[in-house]
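Shown next, in structure tokens, is the structure this report addresses.
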Amino acid sequence: MKKRMLCCVLSAAMLVSMTACGSSNDSGSNKTGETITVLNYGKYYDEDALKQFEEETGITVKYEEYESPEEMYTKYKAGSIDYDVICSSEYMVQKLIEEGEVLEMDFPSMENYGNLDASILELSATYDSNHTYSVPFFYGTLGLLYDTTKVDAATVSSWDCLWNPAYKDEIIMENSVRDTFAPALISLGYSLNETNEDHLREALDILKKQKDDGIVYAYYVDETADAMIGEEAAIALCYSGEAALAMEENENLSYAIPKEGSNLWIDSWFVPKTCQNKDAVMKFLNFTCRDDIAEKNFEYVLYSSPINSVVENMDDVYKNDPSICPSNESVSNCEIYVSLSDEDAAKYSTLWQELLSY
Amino acid sequence: MSKFKQQFLAGPYLIWIVGFIILPMLMIVYYAFTNADGGFTFEYITATFASETNRKAMILSLQLGLICTGICLVLSYPLAMILNNMQIKNQSFIVFIFMLPMWMNFMLRILAWKLLLSKNGVFNSILTSLGFERINIINTPAAVVLGMVYDFLPFMLLPIYNSMTRIRKDWIEAAKDLGAGSITIFFKIIVPLTVSGIISGIVMVFVPSLTSFAISQVLGGGQVLLIGNVIEQDFMQGMQWNAGSGLSFVLMIFVIASMALVNLFDKDGEGTAIW
């Protein structure tokens, strides 16, 4: 009996401490009682900017983070929390739009919508034709991270360097099917979203040759930055965000977007069906697009910002760094991934395994 | 009453088994025999051998598994004999030292190997500073075998060592009295009496090395595709749950077959003692 009492007391204590945690966020200055629940990638929004939003509007922000788009999808689909606004990668946004999970909003009427870079908006039209489903937050490219002591800039200006036998055992490819197929498809003059089996086979053949010639050091994802910092390879296929990280650690590294074009990714905000407070969300997104807030977030994340003023006021160091500020020319050459049908995804997956087992 | 109590106490474990072992297994079997639309099919079972990718991965897994098992056996048998013959009071302490690495997370140890073996890693910096050639085995099957041997060696050593400690010294002395040479003693007494240990050791090394995917991922740099990696990719990247389940199902049959083999030889349950 005594034990049961203890049990009750302990669980009561736990409950109290849990609710205490939950309510500690509500200590805003002029709070209106309104709350929005935001779901975003980890370390992807300046905390000071969030506080500023709470102070200016009196809306409390419940902020949650996730690691991968797939994790976000599971979290959202589980339905235990009603998210008001979510930021994710374009292919995941497209998937959710197709599933009818995204609400249409009148984003273009937002006061600060004009701050957004028109060329990025144009690219985002591939998955959101009327700009009513999403608002771009950050974007970036797929490109080549290279070691300037082993490779010169002229070499990496073309994807052809990935097939040059001179770099035997010196090239790191991505351990994900679409990213590794991208350079092969571009070199052959096909679209990144190619689904024609014969064309994909051609791409597979040159990737097989690349592996056969011993050019590939490894297929990495998260290890790429570490391996390049450790100077294990000369060239790595990787995303601009990862490249920027690596370049901070090793000054011999540089990033290039080959002239034939590449993949461009856009992380965008969207409003899911579970949204409880559309007005507050519009306020939040308008706030996010404001010049000074975009500046704060840019300095915090250091990814390419789609807000014009951020690019204009940027330090020259950043302006000349294609991993942070890609040129208009290279951006216009880029293509966005379109999410694949189940059948096409299976096709890609089969070819990918064929390459890895080759 | 006491019987009821006993059954009652087994309740939580029963829920555990049903919820986390039996149900997931049944789901794998279900997915293995159905296609994406839910219709019955043998396609994914036959694909294990029909598809060239799977066949290559399977053959490579079997090869590396056999090599790894062979190396482990060659290393641990003499080691077990040495351990067994050592005139130390506290033999269990020596065994403890061999067990110690197993208490560290195995992924951590494999990541450490990656750092040691990588192109500009610890080994290569030492070798080049001494004027030797670099060894470039990272991202090759050789590195994967090395990692497997390192990880699974205790699983071979312990059953063999266990079975050796059970050989009574007076049997050996009796053999010597009757004029047997040390070679005869080894082949006529020691080996036959440790067969059960050897078999369970072989199975306990072979099964995990056949199904491993993390070691080949980390030390193979994505270039060594074992059957475990194919399954992992089917589930995590390609969203092909049916194909992945088909492969898992076939692999499960392999594992069950080897377990049955152990039971045939290992009647004292030595092998399972360390699980």
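Residue numbering restarts at 1 in every chain; chains get A, B, ... in the order shown in the structure tokens, and ligands count up from 1 in that same order.
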If you take only C-alpha atoms and a cut-off of 7 Å, which residues of chain B touch chain A, and what are their nearest atom pairs and distances in Å to one decimal, in chain and number order, as a Markdown table?
```
| residue | atom | partner | partner_atom | distance |
| --- | --- | --- | --- | --- |
| B:Thr53 | CA | A:Glu354 | CA | 5.4 |
| B:Lys56 | CA | A:Ser357 | CA | 6.6 |
| B:Ala57 | CA | A:Ser357 | CA | 6.4 |
| B:Lys119 | CA | A:Glu232 | CA | 5.7 |
| B:Asn120 | CA | A:Glu232 | CA | 6.1 |
| B:Asn139 | CA | A:Ala218 | CA | 6.5 |
| B:Gly221 | CA | A:Ala218 | CA | 4.6 |
| B:Gly222 | CA | A:Tyr219 | CA | 4.9 |
| B:Gln223 | CA | A:Leu356 | CA | 5.9 |
| B:Val224 | CA | A:Ser357 | CA | 6.9 |
| B:Leu225 | CA | A:Ser357 | CA | 5.3 |
| B:Gly238 | CA | A:Ser349 | CA | 5.3 |
| B:Gln240 | CA | A:Ala346 | CA | 7.0 |
```
Residues near Thr69 of chain B, cut-off 10 Å, only C-alpha atoms, skip fewer than 6 positions along chain, as a VMD selection string:
chain B and resid 63 75 145 148 to 149 152 to 153 156 201 to 207 209 to 210
Of the candidates B:Ser216, B:Val191, B:Val255, B:Asn242, which shows the shortest atom-to-atom distance to Tyr31 of chain B, using only C-alpha atoms?
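Looking only at the distances to Tyr31 of chain B, the closest residue turns out to be B:Asn242.
Residue nearest Tyr44 of chain B within the list B:Tyr30, B:Phe4, B:Phe187, B:Tyr13: B:Tyr30 [criterion: smallest interatomic distance, only C-alpha atoms].
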So that I can see what lies close to Ile185 of chain B, please list as a list in words the residues with an atom at most 8 Å from it, counting only C-alpha atoms and leaving out residues fewer than 3 positions away in the same chain.
Ile172, Ala175, Lys176, Ala180, Gly181, Ser182, Lys188, Ile189 and Ile190 of chain B
A straight line from atom CA of Ala257 of chain B to atom CA of Met239 of chain B spans 28.8 Å
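Straight-line separation from atom CA of Val331 of chain A to atom CA of Glu312 of chain A: 16.5 Å.
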Spatial neighbours of Asn115 of chain A, 7 Å, only C-alpha atoms, chain gap at least 3 places, as JSON, numbers by chain:
{"A": [112, 289, 307, 308]}
Can you list, as a PyMOL selection string, every residue of segment 27-216 of chain B that DSSP puts in helix (DSSP H, G or I)?
chain B and resi 27-32+43-50+52-85+91-103+106-117+122-129+141-165+169-177+182-211+214-216
Would you list the contacts of Phe265 of chain B as a list in words, taking every protein, DNA or RNA residue within 7 Å and counting only C-alpha atoms, but skipping same-chain residues closer than 3 positions in sequence?
Ser196, Leu261 and Val262 of chain B
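Rounded to one decimal, atom CA of Thr165 of chain B and atom CA of Val195 of chain B lie 13.2 Å from each other.
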